[in-house]
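One structure below.
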Amino acid sequence: MRIMTMAAALLLLPLPLSAQDKAAPKQGDAKTEYQALADDFDQTMQKWRQEAQQQAAEAEKNGGRVPPAPALEPLVKDLISRAQGLAEKYKGKDDAVQFLVFVTVNASGDNQVRKAFTTLLADHVKSPQLAGFVQNLPRTAHRAGADPVAVLGKILDKNKSKPVLAVALLTRGQLRLENASSDAERAIVKKDLEQVATLEAPAEVKQQAASALFQLEHLGIGCAAPEIEGKDMDGTAFKLSDYRGKVVLLDFWGFW
Amino acid sequence: MIPHERSLVEKLQNRPFALIGVNSDQNLEQARSLMQEQKMTWRHFYDQAGSGSIATAWCVHSWPTLYYIDHQGVIRHQDVRREDEMERVLEEMVTAAEQDAGGRKPEPKKKGDPRK
């Protein structure tokens with residue numbers, strides 16, 4: 001659980017920030033408040049990581065077992081309360097969205113996640129600021145006891161913002177792609193992903209949709225493996241198709 | 001993982017099977033010497049990370065990623081990782097390859113083994 005929380009926290013920062021790029025920059029407004037919150041969160045995470053590394057290094061020096069990382073919850077608790085307060089301050093307005101998303105991604109308590117999640121869907125389902133929420137849905141929905149695909153369906157139904165729709169279609173496509181095993185299921189995924197290209201959306205979103213589409217059409221079970229032409233570790237050129245007639249176990253790996 | 005792969009390669013060495021790595025290490029020299037140390041005798045594509053790489057083309061987001069490609073070049077499984085499952089799946093695929101080759105007897109042994 002702790003690892004998951006950390007992973008979610010690491011993923012958070014760029015998302016709500018990019019989601020509010022277009023907000024007008026006014027002094028002392030929600031944008032500034034959010035930036036301060038995000039900065040404080042960043043620092044807290046850094047401190048926490050350093051502590052964990054120090055503990056591990058000491059344990060190693062003393063030949064002991066590496067202790068579990070220090071609890072993140074007490075460190076983040078105040079930031080969550082702050083985000084909840086700011087969400088309350090902007091209640092019902094688009095500005096509340098980023099703070100609510102912050103809570104859904106970073107809160108340790110499932111109850112806090114569920115509450116922010118419910119508010120987002122009740123008050124902000126039509127908000128043009130919803131992209132960050134949508135991107136994080138695969139990680140947050142289960143904590144709120146919701147089915148991410150169903151939530152995406154609701155957003156796609158009610159929201160009119162093209163960038164939000166694009167992210168929602170991409171996310172739903174990616175989620176369904178993982179489980180698509182029949183032609184009918186793959187056709188549904190394809191429809192979502194193809195639609196992303198027709199919407200006004202950041203280049204990165206379109207690129208991800210194109211990549212998922214390629215995965216669907218060329219890298220699924222039953223697809224002809226795309227050709228690979230490359231060089232081996234000694235610089236000798238060879239191709240994947242040189243091995244036709246043999247079963248090939250293709251292993252993407254590295255020592256790092 | 002590597003010891004199991006080594007044993008797979010050994011076990012299937014006279015059968016229609018090849019393990020092919022796609023190595024994305026930054027440092028080629030270091031990777032080469034580590035491979036030697038680990039007795040990784042099978043072949044690898046050297047894949048410099050970044051756009052245009054094989055990993056990008058194959059939409060690989062996490063490492064390691066495994067693809068099981070049959071003797072006709074069709075993807076049959078992805079990311080089967082448990083050792084016993086890997087062996088079961090490969091045995092099934094290799095047997096199918098042998099049966100196919102047996103059915104079309106005229107296919108002579110290829111000139112030179114493409115494996116190093």
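Lettering and numbering for the structure tokens are positional, with chains as A, B, ... in the shown order, residues counted from 1 in each chain, and ligands counted from 1 in the shown order.
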
Chain A residues near chain B within 9 Å, closest pair each, using only C-alpha atoms, as a tab-separated table:
residue	atom	partner	partner_atom	distance
A:Ser211	CA	B:Cys59	CA	6.6
A:Ala212	CA	B:Cys59	CA	7.7
A:Phe214	CA	B:Cys59	CA	8.2
A:Gln215	CA	B:Cys59	CA	6.6
A:His218	CA	B:Trp58	CA	8.9
A:Leu219	CA	B:Ile75	CA	7.2
A:Gly220	CA	B:Ile75	CA	6.9
A:Ile221	CA	B:Arg76	CA	5.1
A:Gly222	CA	B:Ile75	CA	5.4
A:Cys223	CA	B:Ile75	CA	5.6
A:Ala224	CA	B:Val74	CA	4.3
A:Ala225	CA	B:Val74	CA	5.5
A:Pro226	CA	B:Trp58	CA	8.1
A:Ile228	CA	B:Ile54	CA	7.2
A:Glu229	CA	B:Phe45	CA	8.6
A:Gly230	CA	B:Phe45	CA	6.0
A:Lys231	CA	B:Phe45	CA	5.5
A:Asp232	CA	B:Phe45	CA	4.5
A:Met233	CA	B:Tyr46	CA	5.5
A:Asp234	CA	B:Arg32	CA	8.7
A:Gly235	CA	B:Tyr46	CA	8.2
A:Ala237	CA	B:Phe45	CA	8.8
A:Phe238	CA	B:Phe45	CA	8.2
A:Lys239	CA	B:Phe45	CA	8.9
A:Leu240	CA	B:Ile20	CA	8.6
A:Ser241	CA	B:Gly73	CA	7.3
A:Asp242	CA	B:Pro114	CA	6.9
A:Tyr243	CA	B:Pro114	CA	7.1
A:Arg244	CA	B:His71	CA	5.4
A:Gly245	CA	B:His71	CA	4.3
A:Lys246	CA	B:His71	CA	4.4
A:Val247	CA	B:Asp70	CA	4.6
A:Val248	CA	B:Ala18	CA	4.9
A:Leu249	CA	B:Leu19	CA	4.8
A:Leu250	CA	B:Ile20	CA	5.0
A:Asp251	CA	B:Gly21	CA	4.6
A:Phe252	CA	B:Val22	CA	4.6
A:Trp253	CA	B:Pro64	CA	4.7
A:Gly254	CA	B:Asn23	CA	5.2
A:Phe255	CA	B:Asp25	CA	6.4
A:Trp256	CA	B:Asp25	CA	5.6

(Q) So that I can see what lies close to region 44-55 of chain A, please list as JSON, numbers by chain the residues with an atom at most 9 Å from it, counting only C-alpha atoms and leaving out residues fewer than 2 positions away in the same chain. (A) {"A": [6, 9, 10, 39, 40, 41, 42, 57, 58, 59, 60, 66, 67, 68, 69, 70, 71, 72, 75, 76]}

Name all residues at most 6 Å from region 153-169 of chain A (count only C-alpha atoms; drop same-chain ones fewer than 6 positions away) and give them as a short mmCIF file (atom, residue, chain, number, x, y, z; two decimals) with C-alpha atoms, in the first residue's frame.
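The result, stored in result.cif:
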data_model
loop_
_atom_site.label_atom_id
_atom_site.label_comp_id
_atom_site.auth_asym_id
_atom_site.auth_seq_id
_atom_site.Cartn_x
_atom_site.Cartn_y
_atom_site.Cartn_z
CA VAL A 125 -18.41 16.28 -14.32
CA LYS A 126 -18.76 19.00 -16.99
CA PRO A 128 -12.98 21.62 -18.69
CA ALA A 131 -8.25 16.05 -17.62
CA VAL A 134 -9.36 11.43 -15.94
CA ASP A 192 -12.34 4.96 -28.75
CA VAL A 196 -8.94 10.73 -30.16
CA LEU A 199 -10.43 15.80 -31.30
CA GLU A 200 -8.51 18.90 -30.35
CA ALA A 201 -6.03 17.59 -27.79
#

Q | strand (DSSP E or B) call set, DSSP backbone run, chain B, as JSON, numbers by chain | A | {"B": [17, 18, 19, 20, 21, 22, 23, 43, 44, 45, 46, 65, 66, 67, 68, 69, 74, 75, 76, 77, 78]}

Let me see the file: selected residues, N, CA and C atoms, as an mmCIF file, in the first residue's frame.
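Printed below is result21.cif as written:
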data_model
loop_
_atom_site.group_PDB
_atom_site.id
_atom_site.type_symbol
_atom_site.label_atom_id
_atom_site.label_comp_id
_atom_site.auth_asym_id
_atom_site.auth_seq_id
_atom_site.Cartn_x
_atom_site.Cartn_y
_atom_site.Cartn_z
ATOM 1 N N PHE B 17 13.509 -23.508 -31.631
ATOM 2 C CA PHE B 17 13.285 -22.461 -30.637
ATOM 3 C C PHE B 17 14.476 -21.512 -30.595
ATOM 4 N N ALA B 18 14.188 -20.226 -30.431
ATOM 5 C CA ALA B 18 15.251 -19.254 -30.215
ATOM 6 C C ALA B 18 14.795 -18.226 -29.187
ATOM 7 N N LEU B 19 15.662 -17.976 -28.233
ATOM 8 C CA LEU B 19 15.432 -16.868 -27.318
ATOM 9 C C LEU B 19 16.174 -15.671 -27.899
ATOM 10 N N ILE B 20 15.455 -14.583 -28.114
ATOM 11 C CA ILE B 20 16.107 -13.386 -28.640
ATOM 12 C C ILE B 20 15.853 -12.232 -27.679
ATOM 13 N N GLY B 21 16.920 -11.628 -27.233
ATOM 14 C CA GLY B 21 16.789 -10.498 -26.336
ATOM 15 C C GLY B 21 16.737 -9.196 -27.123
ATOM 16 N N VAL B 22 16.085 -8.216 -26.520
ATOM 17 C CA VAL B 22 16.202 -6.857 -27.044
ATOM 18 C C VAL B 22 16.781 -6.055 -25.890
ATOM 19 N N ASN B 23 18.041 -5.767 -25.983
ATOM 20 C CA ASN B 23 18.744 -5.143 -24.861
ATOM 21 C C ASN B 23 18.758 -3.627 -24.986
ATOM 22 N N ARG B 43 21.184 -14.671 -28.735
ATOM 23 C CA ARG B 43 21.391 -13.443 -29.478
ATOM 24 C C ARG B 43 20.491 -12.303 -28.985
ATOM 25 N N HIS B 44 20.964 -11.092 -29.175
ATOM 26 C CA HIS B 44 20.192 -9.916 -28.747
ATOM 27 C C HIS B 44 20.233 -8.851 -29.831
ATOM 28 N N PHE B 45 19.130 -8.167 -29.979
ATOM 29 C CA PHE B 45 19.179 -6.902 -30.703
ATOM 30 C C PHE B 45 19.708 -5.874 -29.710
ATOM 31 N N TYR B 46 20.667 -5.071 -30.146
ATOM 32 C CA TYR B 46 21.060 -3.972 -29.276
ATOM 33 C C TYR B 46 20.194 -2.771 -29.622
ATOM 34 N N THR B 65 9.683 -7.244 -20.719
ATOM 35 C CA THR B 65 8.442 -7.590 -21.402
ATOM 36 C C THR B 65 8.738 -8.781 -22.302
ATOM 37 N N LEU B 66 7.832 -9.744 -22.302
ATOM 38 C CA LEU B 66 8.044 -10.950 -23.111
ATOM 39 C C LEU B 66 6.970 -11.097 -24.180
ATOM 40 N N TYR B 67 7.393 -11.463 -25.394
ATOM 41 C CA TYR B 67 6.463 -11.829 -26.455
ATOM 42 C C TYR B 67 6.790 -13.249 -26.919
ATOM 43 N N TYR B 68 5.760 -14.056 -27.080
ATOM 44 C CA TYR B 68 5.930 -15.425 -27.576
ATOM 45 C C TYR B 68 5.440 -15.470 -29.023
ATOM 46 N N ILE B 69 6.373 -15.683 -29.942
ATOM 47 C CA ILE B 69 6.045 -15.646 -31.376
ATOM 48 C C ILE B 69 6.173 -17.052 -31.945
ATOM 49 N N VAL B 74 3.594 -15.411 -35.753
ATOM 50 C CA VAL B 74 2.394 -14.838 -35.147
ATOM 51 C C VAL B 74 2.561 -14.772 -33.626
ATOM 52 N N ILE B 75 2.185 -13.623 -33.051
ATOM 53 C CA ILE B 75 2.261 -13.446 -31.598
ATOM 54 C C ILE B 75 1.208 -14.334 -30.939
ATOM 55 N N ARG B 76 1.644 -15.181 -30.032
ATOM 56 C CA ARG B 76 0.717 -16.130 -29.397
ATOM 57 C C ARG B 76 0.457 -15.834 -27.926
ATOM 58 N N HIS B 77 1.442 -15.303 -27.258
ATOM 59 C CA HIS B 77 1.276 -14.964 -25.840
ATOM 60 C C HIS B 77 2.098 -13.739 -25.543
ATOM 61 N N GLN B 78 1.721 -13.072 -24.459
ATOM 62 C CA GLN B 78 2.510 -11.945 -24.037
ATOM 63 C C GLN B 78 2.630 -11.978 -22.527
#

Q | CA of Gly173 (chain A) to CA of Phe99 (chain A), straight-line distance in Å | A | 26.4 Å

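Shortest separation to Asp95 (chain A) among A:Gln208, A:Ser182, A:Gln129, A:Asn62 occurs at residue A:Gln129, atoms counted being only C-alpha atoms.
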
Q | alpha helix (DSSP H) per DSSP on the backbone: members of region 82-171 of chain A, as a count of residues only | A | 64

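Picture a line from CA of Gln43 (chain A) to CA of Tyr90 (chain A); it runs 24.9 Å.
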
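Shortest separation to Thr41 (chain B) among B:Asn14, B:Ser7, B:Glu83, B:Glu92 occurs at residue B:Ser7, atoms counted being only C-alpha atoms.
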
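Remark: for Pro148 (chain A), the closest of the candidate residues A:Leu170, A:Leu175, A:His124, A:Ala36 is A:Leu175 (distances computed over only C-alpha atoms).
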
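Comparing the minimum interatomic distances between Glu88 (chain A) and each of A:Ala141, A:Ala30, A:Leu177, A:Val105, counting only C-alpha atoms, we find that A:Ala30 sits nearest.
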